[in-house]
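Containing TSV, C-alpha atoms: structure_30.tsv.
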chain	number	residue	atom	x	y	z
A	107	MET	CA	0.00	0.00	0.00
A	108	THR	CA	1.43	3.37	-0.99
A	109	VAL	CA	1.11	6.41	1.25
A	110	HIS	CA	-1.23	8.32	-1.06
A	111	PRO	CA	-4.53	6.79	-2.25
A	112	SER	CA	-4.26	8.56	-5.62
A	113	LEU	CA	-1.00	6.76	-6.31
A	114	GLN	CA	-2.47	3.44	-5.23
A	115	THR	CA	-5.20	3.78	-7.87
A	116	TYR	CA	-2.61	4.04	-10.63
A	117	ALA	CA	-0.38	1.34	-9.13
A	118	ASP	CA	-3.30	-1.10	-9.01
A	119	ALA	CA	-4.26	-0.37	-12.62
A	120	TRP	CA	-0.65	-0.74	-13.77
A	121	THR	CA	-0.33	-4.06	-11.91
A	122	HIS	CA	-3.50	-5.45	-13.45
A	123	SER	CA	-2.45	-4.58	-17.01
A	124	VAL	CA	1.22	-5.47	-16.84
A	125	GLU	CA	0.47	-8.85	-15.30
A	126	SER	CA	-2.07	-9.44	-18.06
A	127	ILE	CA	0.65	-8.68	-20.61
A	128	ALA	CA	2.95	-11.21	-18.94
A	129	GLU	CA	0.22	-13.85	-19.09
A	130	LEU	CA	-0.50	-13.12	-22.74
A	131	VAL	CA	3.09	-13.46	-23.97
A	132	LYS	CA	4.40	-16.23	-21.73
A	133	PRO	CA	3.09	-19.12	-23.90
A	134	LEU	CA	4.02	-17.57	-27.27
A	135	ALA	CA	6.23	-19.49	-29.68
A	136	GLU	CA	9.31	-17.74	-31.04
A	137	GLY	CA	7.69	-16.76	-34.34
A	138	GLU	CA	4.66	-15.21	-32.67
A	139	TRP	CA	6.84	-12.50	-31.15
A	140	ASN	CA	7.31	-11.09	-34.66
A	141	ARG	CA	3.58	-10.63	-35.33
A	142	ARG	CA	2.56	-7.10	-36.23
A	143	THR	CA	0.42	-5.19	-33.71
A	144	PRO	CA	-1.94	-2.22	-34.16
A	145	CYS	CA	0.78	-0.03	-32.62
A	146	PRO	CA	2.32	1.55	-35.74
A	147	ALA	CA	5.45	-0.31	-36.96
A	148	TRP	CA	5.79	-2.40	-33.79
A	149	SER	CA	5.66	-6.18	-33.38
A	150	VAL	CA	4.68	-8.10	-30.26
A	151	ARG	CA	8.35	-8.13	-29.27
A	152	ASP	CA	8.62	-4.38	-29.83
A	153	VAL	CA	5.59	-3.61	-27.67
A	154	VAL	CA	6.89	-5.74	-24.82
A	155	SER	CA	10.37	-4.23	-25.23
A	156	HIS	CA	8.84	-0.76	-24.91
A	157	VAL	CA	7.00	-1.73	-21.74
A	158	ILE	CA	10.17	-3.21	-20.23
A	159	GLY	CA	12.25	-0.20	-21.22
A	160	MET	CA	9.87	2.40	-19.82
A	161	GLU	CA	9.55	0.54	-16.52
A	162	CYS	CA	13.34	0.26	-16.27
A	163	GLU	CA	13.57	4.01	-16.69
A	164	GLN	CA	11.09	4.50	-13.86
A	165	LEU	CA	13.38	2.29	-11.79
A	166	GLY	CA	16.25	4.65	-12.54
A	167	ASP	CA	18.20	2.24	-14.75
A	168	PRO	CA	20.57	3.91	-17.25
A	169	ARG	CA	19.36	4.06	-20.84
A	170	PRO	CA	21.08	1.64	-23.23
A	171	ILE	CA	24.03	2.89	-25.27
A	172	HIS	CA	22.79	1.97	-28.72
A	173	THR	CA	22.81	3.40	-32.24
A	174	LEU	CA	19.55	3.14	-34.14
A	175	PRO	CA	19.64	1.80	-37.72
A	176	ARG	CA	19.09	4.43	-40.39
A	177	ASP	CA	16.28	2.52	-42.10
A	178	LEU	CA	13.69	2.89	-39.33
A	179	TYR	CA	11.48	5.14	-41.42
A	180	HIS	CA	8.72	5.29	-38.82
A	181	VAL	CA	11.08	7.14	-36.48
A	182	GLN	CA	10.50	10.77	-37.47
A	183	SER	CA	10.81	12.78	-34.25
A	184	ASP	CA	12.94	13.13	-31.14
A	185	ILE	CA	10.32	11.45	-28.95
A	186	ALA	CA	9.96	8.56	-31.42
A	187	ARG	CA	13.75	8.18	-31.48
A	188	TYR	CA	13.81	8.19	-27.68
A	189	MET	CA	11.13	5.49	-27.46
A	190	GLU	CA	12.67	3.38	-30.21
A	191	MET	CA	16.00	3.01	-28.41
A	192	GLN	CA	14.60	0.65	-25.76
A	193	VAL	CA	12.79	-1.27	-28.51
A	194	ASP	CA	15.55	-1.69	-31.07
A	195	VAL	CA	18.12	-2.84	-28.51
A	196	ARG	CA	15.92	-5.89	-27.83
A	197	ARG	CA	14.91	-6.71	-31.42
A	198	HIS	CA	17.04	-9.87	-31.55
A	199	HIS	CA	16.19	-11.14	-28.07
A	200	THR	CA	14.66	-14.61	-27.90
A	201	ALA	CA	11.26	-15.43	-26.45
A	202	PRO	CA	12.76	-16.77	-23.18
A	203	GLU	CA	14.92	-13.68	-22.86
A	204	MET	CA	11.90	-11.44	-23.34
A	205	THR	CA	9.64	-13.22	-20.86
A	206	SER	CA	12.42	-13.46	-18.27
A	207	GLU	CA	13.27	-9.78	-18.48
A	208	LEU	CA	9.60	-8.79	-18.38
A	209	GLU	CA	8.95	-10.90	-15.28
A	210	TYR	CA	12.06	-9.59	-13.53
A	211	THR	CA	11.15	-5.99	-14.37
A	212	ILE	CA	7.62	-6.46	-13.03
A	213	ILE	CA	9.01	-7.86	-9.77
A	214	ARG	CA	11.37	-4.89	-9.38
A	215	ARG	CA	8.70	-2.32	-10.18
A	216	ALA	CA	6.12	-3.94	-7.92
A	217	ARG	CA	8.62	-3.80	-5.06
A	218	GLN	CA	9.33	-0.14	-5.83
A	219	LEU	CA	5.62	0.70	-5.83
A	220	ARG	CA	4.99	-1.20	-2.58
A	221	ASN	CA	7.71	0.82	-0.90
A	222	GLU	CA	6.78	4.17	-2.46
A	223	SER	CA	6.73	6.91	0.17
A	224	ARG	CA	7.25	10.03	-1.94
A	225	ALA	CA	4.53	12.67	-2.28
A	226	PRO	CA	2.47	12.67	-5.50
A	227	GLN	CA	3.98	16.02	-6.56
A	228	THR	CA	7.59	14.82	-6.27
A	229	MET	CA	9.41	15.47	-9.55
A	230	VAL	CA	10.76	12.33	-11.25
A	231	ARG	CA	12.38	11.34	-14.52
A	232	ALA	CA	10.46	11.84	-17.78
A	233	PRO	CA	11.36	11.16	-21.44
A	234	LEU	CA	13.96	13.33	-23.21
A	235	GLY	CA	15.57	14.42	-19.97
A	236	ALA	CA	12.47	16.23	-18.73
A	237	GLU	CA	10.77	15.89	-15.36
A	238	GLN	CA	7.19	15.17	-14.35
A	239	THR	CA	5.34	14.64	-11.09
A	240	LEU	CA	5.30	11.16	-9.61
A	241	GLU	CA	1.50	11.13	-9.89
A	242	LEU	CA	1.61	11.96	-13.59
A	243	ALA	CA	4.34	9.37	-14.18
A	244	LEU	CA	2.27	6.60	-12.56
A	245	ARG	CA	-0.88	7.71	-14.38
A	246	MET	CA	0.93	7.65	-17.71
A	247	ARG	CA	2.41	4.20	-17.02
A	248	ALA	CA	-1.07	2.83	-16.16
A	249	PHE	CA	-2.45	4.38	-19.35
A	250	ASP	CA	0.44	3.15	-21.51
A	251	VAL	CA	0.46	-0.47	-20.35
A	252	TRP	CA	-3.32	-0.79	-20.73
A	253	VAL	CA	-3.21	0.48	-24.32
A	254	HIS	CA	-0.34	-1.89	-25.13
A	255	GLU	CA	-2.17	-4.76	-23.44
A	256	GLN	CA	-4.99	-4.09	-25.90
A	257	ASP	CA	-2.50	-3.99	-28.81
A	258	LEU	CA	-1.37	-7.48	-27.84
A	259	ARG	CA	-4.90	-8.76	-27.28
A	260	THR	CA	-5.93	-7.58	-30.75
A	261	THR	CA	-2.93	-9.26	-32.38
A	262	LEU	CA	-3.28	-12.50	-30.45
A	263	GLY	CA	-7.06	-12.71	-30.77
A	264	GLN	CA	-7.62	-12.65	-27.00
A	265	PRO	CA	-10.01	-9.77	-26.25
A	266	GLY	CA	-10.56	-8.76	-22.64
A	267	ASN	CA	-10.14	-6.20	-19.86
A	268	LEU	CA	-12.03	-3.51	-21.80
A	269	ASP	CA	-13.53	-2.33	-18.50
A	270	SER	CA	-10.53	-2.92	-16.23
A	271	PRO	CA	-8.99	-0.26	-13.94
A	272	GLY	CA	-6.59	0.68	-16.72
A	273	ALA	CA	-9.52	1.26	-19.08
A	274	THR	CA	-10.98	3.84	-16.70
A	275	ILE	CA	-7.67	5.70	-16.51
A	276	THR	CA	-7.35	5.55	-20.29
A	277	ARG	CA	-10.87	6.92	-20.75
A	278	ASP	CA	-10.11	9.91	-18.51
A	279	ALA	CA	-6.76	10.60	-20.16
A	280	LEU	CA	-8.25	10.53	-23.66
A	281	LEU	CA	-11.23	12.69	-22.68
A	282	ALA	CA	-8.88	15.29	-21.20
A	283	ALA	CA	-7.38	15.74	-24.68
A	284	LEU	CA	-10.74	15.98	-26.46
A	285	PRO	CA	-11.34	19.76	-26.01
A	286	ASP	CA	-8.16	20.56	-27.94
A	287	VAL	CA	-9.13	18.09	-30.67
A	288	VAL	CA	-12.51	19.76	-31.15
A	289	ALA	CA	-11.69	23.42	-30.53
A	290	LYS	CA	-8.14	23.77	-31.84
A	291	ASP	CA	-7.39	20.92	-34.24
A	292	ALA	CA	-10.83	20.61	-35.84
A	293	GLY	CA	-11.64	24.32	-35.53
A	294	ALA	CA	-15.16	24.00	-34.12
A	295	PRO	CA	-16.85	27.41	-34.16
A	296	ALA	CA	-17.21	29.57	-31.04
A	297	ASN	CA	-20.27	28.93	-28.87
A	298	SER	CA	-20.79	25.44	-30.31
A	299	ALA	CA	-21.00	22.01	-28.74
A	300	VAL	CA	-20.00	18.50	-29.80
A	301	VAL	CA	-21.43	15.42	-28.11
A	302	LEU	CA	-19.59	12.12	-27.82
A	303	ASP	CA	-21.79	9.11	-27.02
A	304	VAL	CA	-19.81	5.95	-26.27
A	305	HIS	CA	-21.36	2.55	-25.55
A	306	GLY	CA	-20.02	-0.89	-24.71
A	307	PRO	CA	-17.93	-2.09	-21.74
A	308	MET	CA	-17.14	1.58	-20.95
A	309	GLU	CA	-20.30	3.63	-21.43
A	310	PHE	CA	-20.32	7.43	-21.18
A	311	LEU	CA	-21.65	10.63	-22.73
A	312	ARG	CA	-19.55	13.79	-22.81
A	313	THR	CA	-20.08	17.24	-24.30
A	314	VAL	CA	-17.23	19.39	-25.56
A	315	ARG	CA	-18.22	23.06	-25.38
A	316	VAL	CA	-16.37	25.78	-27.28
A	317	ASP	CA	-16.71	29.21	-25.67
A	318	ALA	CA	-16.79	32.65	-27.28
A	319	GLU	CA	-12.98	32.80	-27.29
A	320	GLY	CA	-12.66	29.42	-28.99
A	321	ARG	CA	-11.54	27.55	-25.87
A	322	GLY	CA	-12.81	24.01	-25.36
A	323	SER	CA	-13.96	22.25	-22.20
A	324	VAL	CA	-15.60	18.91	-21.53
A	325	ASP	CA	-18.38	17.92	-19.13
A	326	GLY	CA	-20.95	15.21	-18.60
A	327	SER	CA	-24.06	17.32	-19.27
A	328	PRO	CA	-25.99	16.79	-22.51
A	329	SER	CA	-26.31	19.56	-25.08
A	330	LEU	CA	-29.73	20.45	-26.48
A	331	GLY	CA	-28.44	21.60	-29.85
A	332	PRO	CA	-24.98	20.19	-30.59
A	333	ALA	CA	-23.25	20.98	-33.86
A	334	VAL	CA	-22.17	17.35	-34.05
A	335	THR	CA	-22.99	14.13	-32.25
A	336	LEU	CA	-20.57	11.21	-32.61
A	337	ALA	CA	-21.68	7.79	-31.39
A	338	MET	CA	-19.40	4.76	-31.33
A	339	ASP	CA	-18.40	1.78	-29.21
A	340	TRP	CA	-15.64	2.01	-26.61
A	341	GLU	CA	-13.15	-0.11	-28.55
A	342	THR	CA	-13.53	2.08	-31.63
A	343	TYR	CA	-13.14	5.22	-29.51
A	344	PHE	CA	-9.87	4.31	-27.85
A	345	ARG	CA	-8.40	2.77	-30.99
A	346	LEU	CA	-9.12	5.98	-32.89
A	347	ALA	CA	-7.83	8.22	-30.10
A	348	CYS	CA	-4.67	6.13	-29.70
A	349	GLY	CA	-3.90	6.17	-33.42
A	350	ARG	CA	-4.51	2.45	-33.93
A	351	VAL	CA	-7.05	2.94	-36.71
A	352	ARG	CA	-8.13	5.73	-39.04
A	353	ALA	CA	-11.72	6.92	-39.13
A	354	GLY	CA	-12.21	5.72	-42.70
A	355	SER	CA	-11.46	2.12	-41.77
A	356	VAL	CA	-14.08	2.04	-38.99
A	357	ALA	CA	-16.72	4.30	-40.56
A	358	ASP	CA	-19.33	1.55	-40.21
A	359	ARG	CA	-18.85	1.68	-36.42
A	360	ILE	CA	-19.36	5.45	-36.11
A	361	LYS	CA	-22.73	7.22	-36.24
A	362	VAL	CA	-22.55	10.90	-37.16
A	363	GLU	CA	-25.32	13.47	-36.71
A	364	GLY	CA	-25.06	17.17	-37.54
A	365	ASP	CA	-22.39	19.12	-39.40
A	366	GLU	CA	-20.62	16.50	-41.51
A	367	ASP	CA	-17.64	18.72	-42.37
A	368	LEU	CA	-16.97	19.44	-38.70
A	369	ALA	CA	-17.48	15.78	-37.83
A	370	ASP	CA	-14.95	14.80	-40.49
A	371	ALA	CA	-12.43	17.36	-39.18
A	372	ILE	CA	-12.83	16.01	-35.63
A	373	LEU	CA	-12.40	12.39	-36.74
A	374	GLN	CA	-9.35	13.24	-38.86
A	375	ASN	CA	-7.71	14.81	-35.79
A	376	PHE	CA	-9.00	12.29	-33.27
A	377	ALA	CA	-5.67	10.60	-32.50
A	378	VAL	CA	-3.98	12.17	-29.47
A	379	THR	CA	-1.32	9.51	-29.02
A	380	SER	CA	0.20	6.73	-31.13
Could you express the structure from this file as structure tokens?
Amino acid sequence: MTVHPSLQTYADAWTHSVESIAELVKPLAEGEWNRRTPCPAWSVRDVVSHVIGMECEQLGDPRPIHTLPRDLYHVQSDIARYMEMQVDVRRHHTAPEMTSELEYTIIRRARQLRNESRAPQTMVRAPLGAEQTLELALRMRAFDVWVHEQDLRTTLGQPGNLDSPGATITRDALLAALPDVVAKDAGAPANSAVVLDVHGPMEFLRTVRVDAEGRGSVDGSPSLGPAVTLAMDWETYFRLACGRVRAGSVADRIKVEGDEDLADAILQNFAVTS
């Protein structure tokens, strides 16, 4: 049990998802580690390597000294290059090496979380040499491992945990980014509203309101005259928002009412992570 209940929420969600990942990959044959996942350009091995690498960084381990190949064309930014380092260094690891390192890393991180006594606002290591609060770091790890658990479940044909603790954290993280998607990226007009109606294992209705200055906010109250209403299932929502699919490929799973041009602009800018 950590000192702060808010941290315990994220630690519990992280534990649930990362242990699910370990269970999913433990029985895989060598060739299955090379299967492509919905995470752009990453295989099963790459996704697990990323999870291991990010947890090692939270443990304070030094980053690997490694030169990336020049033909990784999906690596187009500093943050992508940073993330790819922990992935590429493990690209030739065998299945037993991967599962052993994952299990050992989970043990180390679980011990660290059990003994965590720092305040939520303590500044800790973040990517690219930056810093972030401990609370944000744990929230982002819970979010990240749940999304990657779903990447693996999709690839391996083992759906599940769509309403787990990590799913709730992911929902909240994605909804927090929605006002910018609607107001800034899609350019919704001032004094307008957009309603998002999501059904399935995670069911919720949210309204993004754009004020007179063009600033967006989100709340749980319905709007009587929204410019756009988007209805879709939870799996479609998070896959769109996490950049796993494009709107055109799941158009049959999205119901649009209202301004079609605005709806299209929102859906084209829906991905807030990848």
Report task. Would you list the contacts of range 116-122 of chain A as a list in words, taking every protein, DNA or RNA residue within 7 Å and counting all atoms listed in the file, but skipping same-chain residues closer than 6 positions in sequence? Result -> Leu219, Leu244, Arg245, Arg247, Ala248, Val251, Pro271 and Gly272 of chain A
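Here CA of Thr261 in chain A stands at a distance of 20.0 Å from CA of His198 in chain A.
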Query raised in the report: For Ile213 in chain A, which of A:Pro146, A:Glu161, A:Asp291, A:Ala243 is the closest residue, counting only C-alpha atoms?
Result: A:Glu161
Report task. Considering only C-alpha atoms, return as a PyMOL selection string whatever protein or nucleic-acid residues lie within 10 Å of Ala283 in chain A, sequence-local ones (same chain, fewer than 4 positions apart) excluded. Result -> chain A and resi 278-279+287-288+322-324+347+376-379
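Here the question is which of A:Val195, A:Val157, A:Leu330, A:Ala371 gets nearest to Ile171 in chain A using all atoms listed in the file, and that residue is A:Val195.
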Requested in this report: Would you list the contacts of Ala289 in chain A as a PyMOL selection string, taking every protein, DNA or RNA residue within 12 Å and counting only C-alpha atoms, but skipping same-chain residues closer than 2 positions in sequence?
Outcome: chain A and resi 283-287+291-300+314-324+368+371-372+375-376
